[in-house]
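**Student:** Just one file: protein-v6.csv, with CSV, C-alpha atoms and all ligand atoms.
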chain,number,residue,atom,x,y,z
A,869,MET,CA,0.0,0.0,0.0
A,870,PRO,CA,1.4,3.5,-0.8
A,871,LEU,CA,1.8,6.1,1.9
A,872,VAL,CA,-1.1,8.4,2.2
A,873,ASN,CA,-1.4,12.0,3.3
A,874,THR,CA,-3.6,12.8,6.4
A,875,LYS,CA,-6.5,14.6,4.7
A,876,GLU,CA,-8.7,11.6,4.1
A,877,MET,CA,-7.6,10.0,7.4
A,878,PHE,CA,-8.7,13.0,9.4
A,879,LEU,CA,-12.0,13.4,7.6
A,880,LYS,CA,-12.9,9.8,8.5
A,881,ALA,CA,-11.6,10.1,12.0
A,882,TYR,CA,-13.7,13.3,12.5
A,883,GLN,CA,-16.8,11.7,11.3
A,884,GLY,CA,-16.2,8.5,13.2
A,885,HIS,CA,-15.3,10.2,16.5
A,886,TYR,CA,-11.9,8.6,16.9
A,887,ALA,CA,-8.3,9.9,16.6
A,888,ILE,CA,-5.4,8.8,14.5
A,889,PRO,CA,-2.4,7.9,16.6
A,890,ALA,CA,0.9,9.7,15.7
A,891,PHE,CA,3.7,7.7,17.2
A,892,ASN,CA,7.1,9.2,17.4
A,893,VAL,CA,9.7,6.8,16.1
A,894,ASP,CA,13.4,7.2,16.9
A,895,ASN,CA,14.8,4.3,14.9
A,896,VAL,CA,13.8,1.6,12.4
A,897,ASP,CA,13.0,-1.0,15.1
A,898,VAL,CA,10.5,1.3,16.7
A,899,MET,CA,9.0,2.1,13.3
A,900,LYS,CA,8.5,-1.6,12.7
A,901,ALA,CA,7.1,-2.2,16.1
A,902,VAL,CA,4.6,0.7,15.6
A,903,LEU,CA,3.5,-0.6,12.1
A,904,LYS,CA,3.0,-4.1,13.6
A,905,ALA,CA,0.6,-2.7,16.2
A,906,ALA,CA,-1.3,-0.8,13.5
A,907,GLU,CA,-1.5,-3.9,11.3
A,908,ASN,CA,-2.6,-6.1,14.2
A,909,THR,CA,-5.4,-3.8,15.2
A,910,LYS,CA,-6.3,-2.7,11.7
A,911,SER,CA,-5.8,1.0,12.6
A,912,PRO,CA,-4.6,3.8,10.4
A,913,VAL,CA,-1.4,5.3,11.8
A,914,ILE,CA,1.0,8.3,11.5
A,915,ILE,CA,4.7,7.6,11.7
A,916,ALA,CA,6.0,10.9,13.2
A,917,ILE,CA,9.7,11.8,12.7
A,918,SER,CA,11.2,14.6,14.6
A,919,SER,CA,14.2,16.6,13.2
A,920,GLY,CA,16.4,14.6,15.6
A,921,ALA,CA,15.1,11.3,14.4
A,922,LEU,CA,15.5,12.4,10.8
A,923,LYS,CA,19.2,13.0,11.5
A,924,PHE,CA,19.6,9.8,13.6
A,925,ILE,CA,17.9,7.4,11.1
A,926,GLY,CA,19.3,9.3,8.1
A,927,GLU,CA,17.2,11.3,5.7
A,928,ASN,CA,17.8,9.0,2.7
A,929,TYR,CA,17.0,5.9,4.7
A,930,ILE,CA,13.6,6.9,5.9
A,931,ARG,CA,11.6,6.9,2.7
A,932,GLU,CA,13.3,3.8,1.4
A,933,VAL,CA,12.7,1.9,4.6
A,934,MET,CA,9.1,3.1,4.7
A,935,ASP,CA,8.6,2.0,1.1
A,936,CYS,CA,9.9,-1.4,1.9
A,937,ALA,CA,7.7,-1.7,5.0
A,938,MET,CA,4.6,-0.6,3.1
A,939,LYS,CA,4.9,-3.7,0.8
A,940,GLU,CA,3.7,-5.7,3.7
A,941,ILE,CA,1.3,-3.2,5.3
A,942,THR,CA,-2.4,-3.2,4.5
A,943,VAL,CA,-3.5,-0.2,6.8
A,944,PRO,CA,-3.2,3.5,5.8
A,945,VAL,CA,0.1,5.0,6.9
A,946,ALA,CA,1.2,8.6,6.7
A,947,LEU,CA,4.9,9.7,7.1
A,948,HIS,CA,4.9,12.9,9.0
A,949,LEU,CA,7.6,15.5,10.0
A,950,ASP,CA,7.0,16.4,13.6
A,951,HIS,CA,7.9,20.0,14.7
A,952,GLY,CA,9.5,21.3,11.6
A,953,LYS,CA,11.3,24.3,12.9
A,954,SER,CA,11.9,26.0,9.6
A,955,VAL,CA,10.3,26.4,6.2
A,956,GLU,CA,13.4,24.8,4.6
A,957,LEU,CA,13.2,21.7,6.7
A,958,CYS,CA,9.5,21.2,5.8
A,959,LYS,CA,10.2,21.7,2.1
A,960,LYS,CA,13.1,19.2,2.3
A,961,CYS,CA,10.8,16.6,3.9
A,962,VAL,CA,8.3,17.1,1.1
A,963,ASP,CA,11.1,16.5,-1.4
A,964,LEU,CA,12.1,13.4,0.6
A,965,GLY,CA,8.6,11.9,0.1
A,966,PHE,CA,7.0,12.6,3.5
A,967,THR,CA,3.2,12.8,3.0
A,968,SER,CA,2.6,15.2,5.9
A,969,VAL,CA,4.6,18.0,7.5
A,970,MET,CA,4.3,20.1,10.6
A,971,ILE,CA,5.6,23.7,10.5
A,972,ASP,CA,6.1,24.8,14.0
A,973,ALA,CA,6.5,28.6,14.1
A,974,SER,CA,4.4,28.8,17.2
A,975,SER,CA,7.1,30.7,19.1
A,976,CYS,CA,7.0,33.5,16.5
A,977,GLU,CA,4.6,36.4,16.4
A,978,PHE,CA,1.1,35.6,15.0
A,979,GLU,CA,1.8,37.3,11.7
A,980,GLU,CA,5.1,35.6,11.2
A,981,ASN,CA,3.6,32.2,12.1
A,982,ILE,CA,1.0,32.8,9.4
A,983,ARG,CA,3.7,33.8,6.9
A,984,GLN,CA,5.9,30.8,7.4
A,985,THR,CA,3.0,28.4,7.6
A,986,LYS,CA,1.5,29.8,4.4
A,987,GLU,CA,4.8,29.3,2.5
A,988,VAL,CA,5.0,25.7,3.6
A,989,VAL,CA,1.3,25.1,2.7
A,990,GLU,CA,1.9,26.4,-0.9
A,991,TYR,CA,4.8,24.1,-1.4
A,992,ALA,CA,3.4,21.1,0.3
A,993,HIS,CA,0.0,21.3,-1.4
A,994,SER,CA,1.6,21.4,-4.8
A,995,HIS,CA,3.1,18.0,-3.9
A,996,ASN,CA,-0.1,16.5,-2.4
A,997,VAL,CA,1.4,16.7,1.1
A,998,SER,CA,-0.7,17.9,4.1
A,999,VAL,CA,0.3,20.5,6.6
A,1000,GLU,CA,-0.1,20.9,10.3
A,1001,SER,CA,0.7,24.1,12.2
A,1002,GLU,CA,0.6,25.1,15.8
A,1003,LEU,CA,-1.0,28.0,17.5
A,1004,GLY,CA,-0.6,28.7,21.2
A,1005,ALA,CA,2.2,27.4,23.5
A,1006,ILE,CA,2.2,23.7,24.2
A,1007,ALA,CA,4.5,24.1,27.1
A,1008,GLY,CA,3.1,23.1,30.4
A,1009,ILE,CA,0.7,24.0,33.1
A,1010,GLU,CA,3.8,25.0,35.2
A,1011,ASP,CA,4.3,27.9,32.7
A,1012,GLU,CA,0.8,29.1,33.2
A,1013,VAL,CA,1.4,32.5,34.8
A,1014,CYS,CA,-1.3,34.7,33.3
A,1015,VAL,CA,-3.9,33.9,36.0
A,1016,ASP,CA,-6.1,36.8,35.1
A,1017,ASP,CA,-6.5,35.7,31.5
A,1018,LYS,CA,-8.9,32.9,30.9
A,1019,TYR,CA,-6.8,31.7,28.0
A,1020,GLY,CA,-3.3,32.4,29.2
A,1021,HIS,CA,-0.8,30.6,27.0
A,1022,PHE,CA,-3.5,28.4,25.6
A,1023,THR,CA,-4.7,28.7,22.0
A,1024,HIS,CA,-7.1,31.6,21.9
A,1025,PRO,CA,-10.3,30.7,20.1
A,1026,ASP,CA,-10.5,34.2,18.6
A,1027,ASP,CA,-7.4,33.6,16.6
A,1028,VAL,CA,-8.2,30.2,15.0
A,1029,ILE,CA,-10.4,31.3,12.1
A,1030,GLU,CA,-8.0,33.9,10.9
A,1031,PHE,CA,-5.1,31.5,11.2
A,1032,VAL,CA,-6.7,28.7,9.4
A,1033,SER,CA,-8.2,30.8,6.6
A,1034,LYS,CA,-5.0,32.8,6.0
A,1035,THR,CA,-2.7,29.8,6.0
A,1036,GLY,CA,-4.8,27.1,4.3
A,1037,ILE,CA,-3.5,24.4,6.7
A,1038,ASP,CA,-5.1,20.9,6.9
A,1039,SER,CA,-4.9,20.5,10.7
A,1040,LEU,CA,-4.2,22.7,13.7
A,1041,ALA,CA,-2.2,21.8,16.8
A,1042,ILE,CA,-3.8,23.5,19.8
A,1043,ALA,CA,-2.6,24.2,23.4
A,1044,ILE,CA,-5.3,23.2,25.9
A,1045,GLY,CA,-3.1,21.9,28.8
A,1046,THR,CA,-1.0,19.1,27.4
A,1047,ALA,CA,2.9,19.4,27.6
A,1048,HIS,CA,5.8,17.7,26.0
A,1049,GLY,CA,8.0,15.1,27.9
A,1050,ALA,CA,7.5,12.9,30.9
A,1051,TYR,CA,7.5,15.8,33.5
A,1052,LYS,CA,4.5,17.9,32.6
A,1053,PHE,CA,3.3,18.7,36.0
A,1054,LYS,CA,4.6,19.7,39.4
A,1055,PRO,CA,4.2,17.1,42.2
A,1056,GLY,CA,0.6,17.4,43.5
A,1057,GLN,CA,-0.6,19.2,40.4
A,1058,LYS,CA,-3.6,17.7,38.8
A,1059,PRO,CA,-3.5,17.3,35.0
A,1060,GLN,CA,-6.5,18.9,33.4
A,1061,LEU,CA,-7.3,19.5,29.8
A,1062,ARG,CA,-9.3,22.6,29.0
A,1063,PHE,CA,-12.3,21.1,27.3
A,1064,ASP,CA,-14.0,24.4,27.5
A,1065,ILE,CA,-11.4,25.9,25.2
A,1066,LEU,CA,-11.5,22.8,22.9
A,1067,GLU,CA,-15.2,23.2,22.6
A,1068,GLU,CA,-14.9,26.9,21.8
A,1069,ILE,CA,-12.3,26.2,19.1
A,1070,GLU,CA,-14.5,23.4,17.7
A,1071,ALA,CA,-17.4,25.7,17.5
A,1072,ARG,CA,-15.4,28.3,15.5
A,1073,LEU,CA,-13.9,25.6,13.2
A,1074,PRO,CA,-16.6,23.1,12.4
A,1075,ASN,CA,-15.4,19.9,10.7
A,1076,PHE,CA,-11.7,21.0,11.0
A,1077,PRO,CA,-9.2,18.4,12.4
A,1078,LEU,CA,-7.4,19.5,15.6
A,1079,VAL,CA,-4.2,17.9,17.0
A,1080,LEU,CA,-2.9,17.3,20.5
A,1081,HIS,CA,0.8,17.3,21.2
A,1082,GLY,CA,2.4,16.4,24.5
A,1083,ALA,CA,-0.2,13.8,25.2
A,1084,SER,CA,1.9,11.0,26.7
A,1085,SER,CA,0.2,9.4,29.7
A,1086,VAL,CA,3.4,7.9,31.2
A,1087,PRO,CA,1.8,4.5,32.0
A,1088,GLN,CA,2.8,3.5,35.5
A,1089,ALA,CA,3.2,-0.2,34.5
A,1090,SER,CA,5.9,0.9,31.9
A,1091,LEU,CA,7.6,3.1,34.4
A,1092,LYS,CA,7.7,0.4,37.0
A,1093,ILE,CA,9.3,-2.1,34.6
A,1094,LEU,CA,11.9,0.5,33.6
A,1095,ASN,CA,12.8,1.3,37.2
A,1096,SER,CA,12.7,-2.4,38.4
A,1097,TYR,CA,15.5,-3.3,36.1
A,1098,GLY,CA,18.0,-0.6,36.9
A,1099,GLY,CA,16.3,2.6,35.6
A,1100,LYS,CA,16.1,5.6,37.7
A,1101,MET,CA,13.3,7.7,36.3
A,1102,PRO,CA,11.6,9.8,38.9
A,1103,GLU,CA,7.8,9.5,39.3
A,1104,ALA,CA,6.0,11.2,36.5
A,1105,ILE,CA,2.4,12.1,35.9
A,1106,GLY,CA,1.0,12.2,32.3
A,1107,ILE,CA,-2.3,13.1,30.7
A,1108,PRO,CA,-5.0,10.6,31.9
A,1109,GLU,CA,-6.0,8.4,29.1
A,1110,ALA,CA,-9.7,9.0,29.8
A,1111,MET,CA,-9.2,12.7,29.0
A,1112,LEU,CA,-7.5,11.8,25.7
A,1113,LEU,CA,-10.3,9.4,24.8
A,1114,GLU,CA,-12.8,12.2,25.5
A,1115,ALA,CA,-10.8,14.6,23.3
A,1116,SER,CA,-10.7,12.0,20.5
A,1117,LYS,CA,-14.5,12.0,20.5
A,1118,HIS,CA,-14.4,15.7,19.9
A,1119,ALA,CA,-12.7,17.4,17.0
A,1120,VAL,CA,-9.2,16.0,18.0
A,1121,CYS,CA,-8.2,13.8,15.0
A,1122,LYS,CA,-4.5,13.3,15.8
A,1123,ILE,CA,-2.8,12.7,19.1
A,1124,ASN,CA,0.9,12.5,19.4
A,1125,VAL,CA,2.7,10.0,21.6
A,1126,GLY,CA,6.5,10.0,22.0
A,1127,THR,CA,7.5,9.7,25.7
A,1128,ASP,CA,5.4,6.6,26.3
A,1129,ILE,CA,7.0,4.8,23.4
A,1130,ARG,CA,10.5,5.6,24.7
A,1131,VAL,CA,9.7,4.4,28.2
A,1132,ALA,CA,8.2,1.2,26.9
A,1133,TYR,CA,11.2,0.5,24.7
A,1134,VAL,CA,13.8,1.2,27.3
A,1135,GLY,CA,11.9,-0.8,29.9
A,1136,GLY,CA,11.7,-3.8,27.6
A,1137,LEU,CA,15.4,-3.4,26.8
A,1138,ARG,CA,16.5,-3.1,30.4
A,1139,LYS,CA,14.4,-6.1,31.5
A,1140,ALA,CA,15.9,-8.3,28.8
A,1141,LEU,CA,19.4,-7.2,29.5
A,1142,VAL,CA,19.0,-8.0,33.3
A,1143,GLU,CA,17.3,-11.3,32.6
A,1144,ASN,CA,19.9,-12.5,30.1
A,1145,PRO,CA,23.3,-11.6,31.4
A,1146,GLU,CA,25.0,-14.5,29.8
A,1147,LYS,CA,23.8,-13.7,26.3
A,1148,PHE,CA,25.2,-11.4,23.6
A,1149,ASP,CA,22.9,-12.1,20.6
A,1150,LEU,CA,21.5,-8.6,20.4
A,1151,ARG,CA,18.2,-9.8,19.1
A,1152,THR,CA,17.6,-11.3,22.6
A,1153,PHE,CA,17.4,-7.7,23.9
A,1154,ILE,CA,16.0,-5.8,21.1
A,1155,ALA,CA,13.0,-8.1,20.2
A,1156,PRO,CA,11.4,-7.7,23.7
A,1157,ALA,CA,11.9,-3.9,23.5
A,1158,MET,CA,10.1,-3.9,20.2
A,1159,ASP,CA,7.4,-6.1,21.6
A,1160,ALA,CA,6.9,-3.7,24.5
A,1161,VAL,CA,6.4,-0.9,22.0
A,1162,THR,CA,3.9,-2.9,20.0
A,1163,ALA,CA,1.9,-3.8,23.1
A,1164,LEU,CA,1.8,-0.2,24.2
A,1165,CYS,CA,0.7,1.0,20.8
A,1166,GLU,CA,-2.0,-1.7,20.5
A,1167,ASP,CA,-3.3,-0.7,23.9
A,1168,LYS,CA,-3.5,2.9,23.0
A,1169,ILE,CA,-5.1,2.3,19.6
A,1170,LYS,CA,-7.8,0.3,21.4
A,1171,ASN,CA,-8.4,2.3,24.5
A,1172,VAL,CA,-7.3,5.9,23.8
A,1173,PHE,CA,-7.6,6.6,20.1
A,1174,ASN,CA,-10.5,4.3,19.5
A,1175,SER,CA,-9.1,3.7,16.0
A,1176,ALA,CA,-8.9,-0.1,16.0
A,1177,GLY,CA,-10.7,-1.6,13.0
A,1178,HIS,CA,-10.9,1.8,11.1
A,1179,ALA,CA,-8.3,0.9,8.5
A,1180,ASN,CA,-10.9,0.4,5.8
A,1181,ASP,CA,-13.3,3.1,6.6
B,1201,ZN,ZN,4.9,18.0,19.8
Once more with this new file: its structure as structure tokens, please.
**Tutor:**
Amino acid sequence: MPLVNTKEMFLKAYQGHYAIPAFNVDNVDVMKAVLKAAENTKSPVIIAISSGALKFIGENYIREVMDCAMKEITVPVALHLDHGKSVELCKKCVDLGFTSVMIDASSCEFEENIRQTKEVVEYAHSHNVSVESELGAIAGIEDEVCVDDKYGHFTHPDDVIEFVSKTGIDSLAIAIGTAHGAYKFKPGQKPQLRFDILEEIEARLPNFPLVLHGASSVPQASLKILNSYGGKMPEAIGIPEAMLLEASKHAVCKINVGTDIRVAYVGGLRKALVENPEKFDLRTFIAPAMDAVTALCEDKIKNVFNSAGHAND
């Protein structure tokens, strides 16, 4: 099956009240483990590549490896650049054969964000590649200092119509209380997504796909395995999966997961290393790490994204 862009995927997800998982992959093993989970559950999936992963895997490898993988895959798969920090990088990924790119100029002023996003959209759309952009600061509740402003650093619903219509993007990443990484909240702080803001944005942009970043839940079972076998990750609180499931029933059509995959992989790897000290066949260690990623992704596909069985919608 050829790679697809995200346009059709999001339309179906929107209508079907589920979300497409965007799993961050750091190497080819994780890519294979994620694709296996999508195939096993018959779910569409987005393979998300950060600029760091692009460098690590090698830009010329990625499309070739994906093309090989797709010979065996029967579910829709999009290859997506996550957090493209420059117009040039986005254009390069379009040229490399990515089917979706994210331009992240969210730290720029509103007008500059529009300008850069528009430039990427013009180039990407002429190559049948979809574009995601970000509005608002997906930082963390700890950064929330504007207590007198209802919206603070979150995406302001008043801005979204202008941003989407001026840029022509296909999906919009919004800030409603998620944060990147494992340590999103201060101890004792309660994770809360701002469903009131989500609903306001949804009302202004009917039928438009929204995206959540920083949505790892840091499953305690994965963390426990990692720490039981020599890891020293401090306690971490993620976004409760019930909140993500709720969001995926709204206009949220794509949810990004990175941290949870890393924790699962490293946990699986540490466990295999400790349990097999006499072995040196590296597959003894890497296969269980990949299996841990597949299990985690399957669980999320079924219980968080609600996307299982939607491959042939
Ligand atoms: Zn992100």
**Student:** So which one's closest to Phe891 of chain A, A:Asp1026, A:Asp1128, A:Glu977, A:Asp1038? Using all atoms listed in the file, please.
**Tutor:**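 Of A:Asp1026, A:Asp1128, A:Glu977, A:Asp1038, the one nearest Phe891 of chain A is A:Asp1128, counting all atoms listed in the file.
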**Student:** List all protein, DNA and RNA residues that have an atom no more than 7 Å from any atom of ligand ZN 1201 (chain B), counting only C-alpha atoms and all ligand atoms, and report them as an NGL selection string.
**Tutor:** :A and (950-951 or 1048 or 1081-1082 or 1124)
**Student:** Can you tell me which residues surround Ala1089 of chain A at a distance of at most 10 Å, considering only C-alpha atoms, apart from same-chain residues fewer than 4 positions away, and format the answer as a tab-separated table (two decimals) with C-alpha atoms, in the coordinates of the input?
**Tutor:**
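Result saved to result_25.tsv:
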chain	number	residue	atom	x	y	z
A	1093	ILE	CA	9.30	-2.10	34.60
A	1094	LEU	CA	11.90	0.50	33.60
A	1132	ALA	CA	8.20	1.20	26.90
A	1135	GLY	CA	11.90	-0.80	29.90
**Student:** Considering all atoms listed in the file, state which residue in the set A:Arg1130, A:Lys1168, A:Lys900, A:Lys953 is at the smallest distance from Glu1109 of chain A.
**Tutor:** A:Lys1168
**Student:** Measuring between all atoms listed in the file, which one of A:Ala1155, A:Leu1073, A:Ala905, A:Ile925 shows the shortest distance to Val1032 of chain A?
**Tutor:**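 So, comparing all the options, the nearest one is A:Leu1073.
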**Student:** Kindly provide, as a PDB file with C-alpha atoms, in the coordinates of the input, the polymer residues lying within 12 Å of (13.0, 7.6, 38.8), counting all atoms listed in the file and using the coordinates exactly as they appear in the file.
**Tutor:**
ATOM      1  CA  ALA A1050       7.500  12.900  30.900  1.00  0.00           C
ATOM      2  CA  TYR A1051       7.500  15.800  33.500  1.00  0.00           C
ATOM      3  CA  GLN A1088       2.800   3.500  35.500  1.00  0.00           C
ATOM      4  CA  SER A1090       5.900   0.900  31.900  1.00  0.00           C
ATOM      5  CA  LEU A1091       7.600   3.100  34.400  1.00  0.00           C
ATOM      6  CA  LYS A1092       7.700   0.400  37.000  1.00  0.00           C
ATOM      7  CA  ILE A1093       9.300  -2.100  34.600  1.00  0.00           C
ATOM      8  CA  LEU A1094      11.900   0.500  33.600  1.00  0.00           C
ATOM      9  CA  ASN A1095      12.800   1.300  37.200  1.00  0.00           C
ATOM     10  CA  SER A1096      12.700  -2.400  38.400  1.00  0.00           C
ATOM     11  CA  TYR A1097      15.500  -3.300  36.100  1.00  0.00           C
ATOM     12  CA  GLY A1098      18.000  -0.600  36.900  1.00  0.00           C
ATOM     13  CA  GLY A1099      16.300   2.600  35.600  1.00  0.00           C
ATOM     14  CA  LYS A1100      16.100   5.600  37.700  1.00  0.00           C
ATOM     15  CA  MET A1101      13.300   7.700  36.300  1.00  0.00           C
ATOM     16  CA  PRO A1102      11.600   9.800  38.900  1.00  0.00           C
ATOM     17  CA  GLU A1103       7.800   9.500  39.300  1.00  0.00           C
ATOM     18  CA  ALA A1104       6.000  11.200  36.500  1.00  0.00           C
ATOM     19  CA  ILE A1105       2.400  12.100  35.900  1.00  0.00           C
ATOM     20  CA  VAL A1131       9.700   4.400  28.200  1.00  0.00           C
TER      21      VAL A1131
END
